[in-house]
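Below: one structure, written as structure tokens.
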Amino acid sequence: MLFGLDGVEVGLIIVFSSLFIGIMSGFPVAFSIGGAAVAAFGILAALDNSGVLVHAAIDTRGEDYLALVNGGIARDTISIFRYPDLPTKIGPLFENGWQVAMDRNISFIVNRMNERVFAGQSIETLLAVLMFVLMGVTLERSKIAEDLLTTMARVFGPLPGGLAVSVVLVGAFLAASTGIVGATVVTMGLLSLPTMLRNGYSPELATGVIAASGTLGQIIPPSIVIVLLGTLAGDLYAAAQEKTAQALGCTDALTYLGHAAVLSVGTLFKAALLPGIMLAFLYALYAFIYALFFPHNAPPIAVTSKSGGGDGRGKNHSLIWYLGAPIGIIVLAIGMGGFNISGNQTVTVLSVADIGEQPELRTRVSEQCQAAMIERHGIELWDESVAKRAEIDAAGGTLSQEDRERTPEQVEEIRLQLIADAAPIGTGLLTLLVLAALIMTTTFGVAPFSDRKPLIIGALGILAALIVDTLFLGPVSTSGRIFLLQGLPFAMIVYAIRKSGPLLGKNEVLRVVFPPLVLIVAVLGSILGGITNPTPAAALGAAGAILLAAYRKLSDEQKSGKVIIWTSFALMIMLLIGINFDLRTGIDRGNVLSWNSIQSWIAIIVAQASYFVAMGGLFYACFVLWRTTVLSPVVRETAKVTSMVFAILIGSQMLNLVIISFGGEHYIQQFLQSFDNEFKVFLIVMLVLFFLGFVLDFLEIIYIVIPIVGPVIYGGTMDPSWVTIMIAVNLQTSFLTPPFGFALFYLRGVAPKGVTTGHIYRGVVPFVIIQVVGLGLLWYFPWVVTIVPNLLS
């Protein structure tokens, strides 16, 4: 053995040494990873061919090994780490020679590229990366981020540490729109650092809060890190749980877990929401408390408000219309739902009855699987499932599909009962009316002395919409009838909102914050609400960012932005019609002159017209950005970042296959599995990832390290969303920790000459401590991660 080390250990050292040398060489990381894979395999092949590298494997034919297997020990759990006294046999590193390993690697590379890069199931999710990058770069290049920072500074500046608090809030905004740490840190460093220093802020606090806020892009959705990590983690979790279930004697993961082993990017977005908000709150709280104890290092600044409209307003007026009225409207809406005045109006009845209430766990399993399920779920849940199964069997068992077939009379009877029990006002309509009411109350709060007629007309429109829906519409009303009867009330509401727009625009905070906030809420809301998956939501965000940027440029040129506004309305009309009508043109709609056929074709024509308006407006927005020299750098930067992601993905697959070819992946997994406590294993993995974050970017860690350790950490009883979010926050902490944190190097590159590296290091230490505290909170209170997915499931 070379230096007394096993051949696999030497191979791992050579692979990771080649990787670090390649990264430190100065070559682009995307090509260094692939080059390191080729170089490492060449070195290993040469050493193996010369007989220098040998591997000591357990003798699977020995009596001691067979005794363990016959004693009920699973073969996968027997390793040199658990049973170091087992007899071993010495053989070459590559069992069948490096030539066979290379041939196998080449075929694996082709298959993996096809599965994970070109045509696999994950390619649709990976397309979201392109859209989110385009969204973030567009908002950054169009100066919207600069406007956000200026406005927030004007709002919070008079408070102690107000500038630092505003930087945290804008950092969270940018994180939710870009998801790229480097872009956020550089943008915040260029925009806010000179301003903070000029207003008397200490370099330590200024640099610390900027670096920390920039790393929020790692965790606040829609984070590119979570998209990429979630795509990989979902596959690892499903495969690991399937393997664990079979090793424990269960037929599949569904039997063992009691639910499908599925982990989606949308679930991770929900899981990351509360931890991201928590970290942002801790950052802002520290800045505020620091300013109270050291006011000379974070002084309040005097600013002059530029928000037109609303002069002469008192504190009571603001409290009533900014706080009291919105809370009252929301409480009223919730109360209407509680008293069944509003609710779900679905009256669809299936022709086949439900299978009936089933046990939460499958009980017809082997004794080995039963013991494993009791250990995982507890004896109480198992006894409940057994009792429920016995009750079903005593009643004759679950009915077959034929026995559960409903007659037309039964279907109609159930349908009539659902209609009778349905709430008079639909939840969807009430949500739209609540949003309209909030806009109107905010408008009156901003401009109480303006013409009140549009707001009165809008309020009457809301009241009329509620009356019409209660008296003349119901769960079985056709979409055409709804559009016809609600046309006038909604025209009144749209008129009021149309008149409210310019009034709201006079308030600087609303004018700057509201558009990107609506965009972020639309993107995240469509994902968190289960309306769509991340890829269409990312496309919506990219289109919205282009429209916002174009409107911003037209405003700078003092030109009309009506085209952009009409484009937005066209998009809304498309969404509303698409939800309420069947727009398929190739189906038989019966009699052409029937009301259902006529309303469907009218909806198709309106949707098609709205589509052409929306696409025309989007092309016009792109033209505006191209004419103002914004589009070209946006496209260039998006292509650069996306190409880097996919190039690293390809290179990392090559490196992983090199590690697999000589058993390195299996060797590491056996080492981790030798620890009986899964939390201890996860803690070891977290420490390794933390230190690797000093020298590797998140892309390399996700695609190189996670596939190796993933089968171990995702194969236990820990919640997979909690595991993934803990990894993301851990990497965020690593990128912030001196002296090697990536965020510190990004900030150092744009900091003024008077700001030293020592300032940055000292300033970021408190935020590193906050990160560690945040990790501790997530470790001891995992519900912070899981509560939102459970509530929105």
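The chains in the structure tokens are called A, B, ... from first to last as shown; in each chain the residues are counted from 1, and the ligands are counted from 1 in the order shown.
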
Could you produce a table of the residues of stretch 626-670 of chain A lying within 8 Å of stretch 32-36 of chain A, with the nearest pair of atoms per residue and their separation in Å rounded to one decimal, using only C-alpha atoms, ordered by chain and increasing residue number, as a tab-separated table?
```
residue	atom	partner	partner_atom	distance
A:Ile648	CA	A:Ile33	CA	7.1
A:Ile650	CA	A:Gly34	CA	7.6
A:Gly651	CA	A:Gly34	CA	4.1
A:Ser652	CA	A:Ile33	CA	6.2
A:Met654	CA	A:Gly34	CA	6.3
A:Leu655	CA	A:Gly34	CA	6.7
```

Considering only C-alpha atoms, state which residue in the set A:Ile659, A:Ile58, A:Ile769, A:Val788 is at the smallest distance from A:Leu279.
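Among A:Ile659, A:Ile58, A:Ile769, A:Val788, it is A:Ile769 that comes nearest to A:Leu279.
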
Which parts of stretch 243-419 of chain A does DSSP call strand (DSSP E or B) when run on the backbone here, written out as JSON, numbers by chain?
{"A": [342, 343, 352, 405]}

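Ranking A:Gly136, A:Gly258, A:Gly774, A:Gly617 by their shortest atom-to-atom distance to A:Leu282, with only C-alpha atoms included, puts A:Gly774 first.
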
Residues near A:Ala550, cut-off 7 Å, only C-alpha atoms, skip fewer than 6 positions along chain, as a PyMOL selection string
chain A and resi 621+624-625

Which residues are close to stretch 481-492 of chain A, i.e. within 12 Å by only C-alpha atoms, leaving aside same-chain residues fewer than 6 positions away? Reply as JSON, numbers by chain.
{"A": [426, 429, 432, 433, 436, 453, 454, 455, 456, 457, 458, 459, 460, 461, 462, 463, 464, 465, 466, 467, 468, 469, 470, 471, 472, 473, 474, 475, 498, 499, 573, 576, 577, 580, 581, 595, 596, 598, 599, 600, 602, 603]}

List as a ChimeraX atom specification the protein and nucleic acid residues near stretch 543-549 of chain A, meaning an atom at most 8 Å away when only C-alpha atoms are counted, but skip any in the same chain fewer than 5 places from it.
/A:135-136,138-139,142,144,515-516,519,564,618,621-622,625

Restricting the calculation to only C-alpha atoms, which member of A:Val386, A:Val155, A:Val645, A:Leu747 is positioned closest to A:Val227?
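Between A:Val386, A:Val155, A:Val645, A:Leu747, the residue approaching A:Val227 most closely is A:Val645.
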
Need to verify the contact set: stretch 169-171 of chain A, 10 Å, only C-alpha atoms, exclusion of same-chain residues closer than 4 positions in sequence. Can you return it as a PyMOL selection string?
chain A and resi 145-153+163-165+175-177+184-185+187-188+209-217+280-281+283-284+513

May I ask for the distance between atom CA of A:Ile520 and atom CA of A:Ala542, given in Å to one decimal place?
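Separation of atom CA of A:Ile520 and atom CA of A:Ala542: 10.7 Å.
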
Give me the residues within 12 Å of stretch 407-422 of chain A as a VMD selection string, counting only C-alpha atoms and dropping any in the same chain fewer than 2 places off.
chain A and resid 337 339 to 353 402 to 405 424 to 427 470 473 to 477

Please run DSSP on the backbone and report, as an mmCIF file with C-alpha atoms, in the first residue's frame, all residues within stretch 207-310 of chain A that come out as helix (DSSP H, G or I).
```cif
data_model
loop_
_atom_site.group_PDB
_atom_site.id
_atom_site.type_symbol
_atom_site.label_atom_id
_atom_site.label_comp_id
_atom_site.auth_asym_id
_atom_site.auth_seq_id
_atom_site.Cartn_x
_atom_site.Cartn_y
_atom_site.Cartn_z
ATOM 1 C CA THR A 207 -19.492 46.038 5.348
ATOM 2 C CA GLY A 208 -20.894 43.419 7.716
ATOM 3 C CA VAL A 209 -24.517 44.207 7.024
ATOM 4 C CA ILE A 210 -23.935 44.365 3.249
ATOM 5 C CA ALA A 211 -22.104 41.024 3.113
ATOM 6 C CA ALA A 212 -24.682 39.322 5.338
ATOM 7 C CA SER A 213 -27.664 40.718 3.424
ATOM 8 C CA GLY A 214 -26.113 39.613 0.155
ATOM 9 C CA THR A 215 -25.971 35.993 1.278
ATOM 10 C CA LEU A 216 -29.736 35.946 1.863
ATOM 11 C CA GLY A 217 -29.968 34.967 -1.797
ATOM 12 C CA GLN A 218 -28.857 31.501 -0.708
ATOM 13 C CA ILE A 224 -31.156 29.360 -7.475
ATOM 14 C CA VAL A 225 -29.346 27.365 -4.803
ATOM 15 C CA ILE A 226 -32.636 25.817 -3.684
ATOM 16 C CA VAL A 227 -33.705 25.129 -7.285
ATOM 17 C CA LEU A 228 -30.479 23.255 -8.050
ATOM 18 C CA LEU A 229 -30.225 21.591 -4.657
ATOM 19 C CA GLY A 230 -33.889 20.593 -4.708
ATOM 20 C CA THR A 231 -33.639 19.036 -8.152
ATOM 21 C CA LEU A 232 -30.822 16.787 -6.960
ATOM 22 C CA ALA A 233 -32.160 16.200 -3.435
ATOM 23 C CA GLY A 234 -35.502 14.963 -4.736
ATOM 24 C CA ASP A 235 -33.829 12.152 -6.695
ATOM 25 C CA LEU A 236 -31.473 11.293 -3.817
ATOM 26 C CA TYR A 237 -34.300 11.192 -1.266
ATOM 27 C CA ALA A 238 -36.503 8.922 -3.376
ATOM 28 C CA ALA A 239 -33.666 6.495 -4.151
ATOM 29 C CA ALA A 240 -32.302 6.490 -0.574
ATOM 30 C CA GLN A 241 -35.685 5.842 1.037
ATOM 31 C CA GLU A 242 -36.447 3.091 -1.458
ATOM 32 C CA LYS A 243 -33.144 1.409 -0.619
ATOM 33 C CA THR A 244 -33.713 1.837 3.126
ATOM 34 C CA ALA A 245 -37.221 0.369 2.909
ATOM 35 C CA GLN A 246 -36.043 -2.697 1.030
ATOM 36 C CA ALA A 247 -33.131 -3.205 3.435
ATOM 37 C CA ALA A 253 -40.755 3.357 0.400
ATOM 38 C CA LEU A 254 -44.513 4.056 0.349
ATOM 39 C CA THR A 255 -45.126 1.145 2.699
ATOM 40 C CA TYR A 256 -42.302 2.091 5.053
ATOM 41 C CA LEU A 257 -42.942 5.837 5.162
ATOM 42 C CA VAL A 265 -38.523 22.374 -5.388
ATOM 43 C CA GLY A 266 -41.898 23.945 -4.567
ATOM 44 C CA THR A 267 -41.885 22.245 -1.157
ATOM 45 C CA LEU A 268 -38.371 23.542 -0.511
ATOM 46 C CA PHE A 269 -39.458 27.076 -1.425
ATOM 47 C CA LYS A 270 -42.173 26.808 1.213
ATOM 48 C CA ALA A 271 -39.696 25.378 3.725
ATOM 49 C CA ALA A 272 -37.147 28.154 3.087
ATOM 50 C CA LEU A 273 -39.582 31.045 3.464
ATOM 51 C CA LEU A 274 -39.715 31.271 7.257
ATOM 52 C CA PRO A 275 -35.960 30.610 7.869
ATOM 53 C CA GLY A 276 -35.082 33.319 5.337
ATOM 54 C CA ILE A 277 -37.394 35.833 6.984
ATOM 55 C CA MET A 278 -36.018 34.837 10.394
ATOM 56 C CA LEU A 279 -32.408 35.495 9.338
ATOM 57 C CA ALA A 280 -33.305 38.853 7.763
ATOM 58 C CA PHE A 281 -35.132 39.836 10.962
ATOM 59 C CA LEU A 282 -32.121 38.857 13.108
ATOM 60 C CA TYR A 283 -29.818 40.941 10.892
ATOM 61 C CA ALA A 284 -32.060 44.011 11.154
ATOM 62 C CA LEU A 285 -32.535 43.518 14.899
ATOM 63 C CA TYR A 286 -28.777 43.392 15.460
ATOM 64 C CA ALA A 287 -28.262 46.575 13.427
ATOM 65 C CA PHE A 288 -30.944 48.389 15.431
ATOM 66 C CA ILE A 289 -29.594 47.235 18.828
ATOM 67 C CA TYR A 290 -26.021 48.047 17.787
ATOM 68 C CA ALA A 291 -27.114 51.578 16.890
ATOM 69 C CA LEU A 292 -28.754 52.028 20.291
ATOM 70 C CA PHE A 293 -25.510 51.144 22.123
ATOM 71 C CA PRO A 295 -25.071 55.707 18.128
ATOM 72 C CA HIS A 296 -21.894 57.391 16.855
ATOM 73 C CA ASN A 297 -21.213 54.357 14.611
#
```

Sorted per-residue table, stretch 646-718 of chain A near stretch 72-82 of chain A, closest atoms and distance, 12 Å, only C-alpha atoms, as a Markdown table:
```
| residue | atom | partner | partner_atom | distance |
| --- | --- | --- | --- | --- |
| A:His666 | CA | A:Ser79 | CA | 10.1 |
| A:Tyr667 | CA | A:Ser79 | CA | 8.8 |
| A:Ile668 | CA | A:Phe81 | CA | 10.4 |
| A:Gln669 | CA | A:Ser79 | CA | 10.0 |
| A:Gln670 | CA | A:Ser79 | CA | 6.3 |
| A:Phe671 | CA | A:Phe81 | CA | 6.2 |
| A:Leu672 | CA | A:Phe81 | CA | 9.2 |
| A:Gln673 | CA | A:Thr77 | CA | 7.5 |
| A:Ser674 | CA | A:Arg82 | CA | 5.5 |
| A:Phe675 | CA | A:Arg82 | CA | 8.5 |
| A:Asp676 | CA | A:Arg82 | CA | 9.8 |
| A:Val712 | CA | A:Thr77 | CA | 11.7 |
```

Selection export as a compact mmCIF listing (two decimals), in the first residue's frame, atoms kept: C-alpha atoms:
```txt
# COMPACT_ATOMS: atom_id res chain seq x y z
CA HIS A 666 -19.17 3.62 -1.63
CA TYR A 667 -16.14 3.93 0.68
CA ILE A 668 -17.27 7.37 1.97
CA GLN A 669 -20.84 6.17 2.46
CA GLN A 670 -19.67 3.14 4.43
CA PHE A 671 -17.62 5.42 6.68
CA LEU A 672 -20.63 7.62 7.39
CA GLN A 673 -22.93 4.66 7.92
CA SER A 674 -20.55 3.28 10.53
CA PHE A 675 -21.93 5.90 12.94
CA ASP A 676 -25.17 4.58 14.42
CA VAL A 712 -26.71 8.52 3.64
```

For atom CA of A:Phe20 and atom CA of A:Ile706, the interatomic separation in Å (one decimal)
17.1 Å

Find the distance between atom CA of A:Leu361 and atom CA of A:Val723 and write it in Å to one decimal.
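Between atom CA of A:Leu361 and atom CA of A:Val723 the gap works out to 24.0 Å.
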
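Compared by their closest atoms to A:Val634, and using only C-alpha atoms, the residues A:Arg362, A:Leu130, A:Asp48, A:Glu124 rank with A:Leu130 nearest.
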
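The smallest atom-to-atom distance between A:Val38 and any of A:Pro326, A:Gly22, A:Pro160, A:Pro707, using only C-alpha atoms, is found for A:Gly22.
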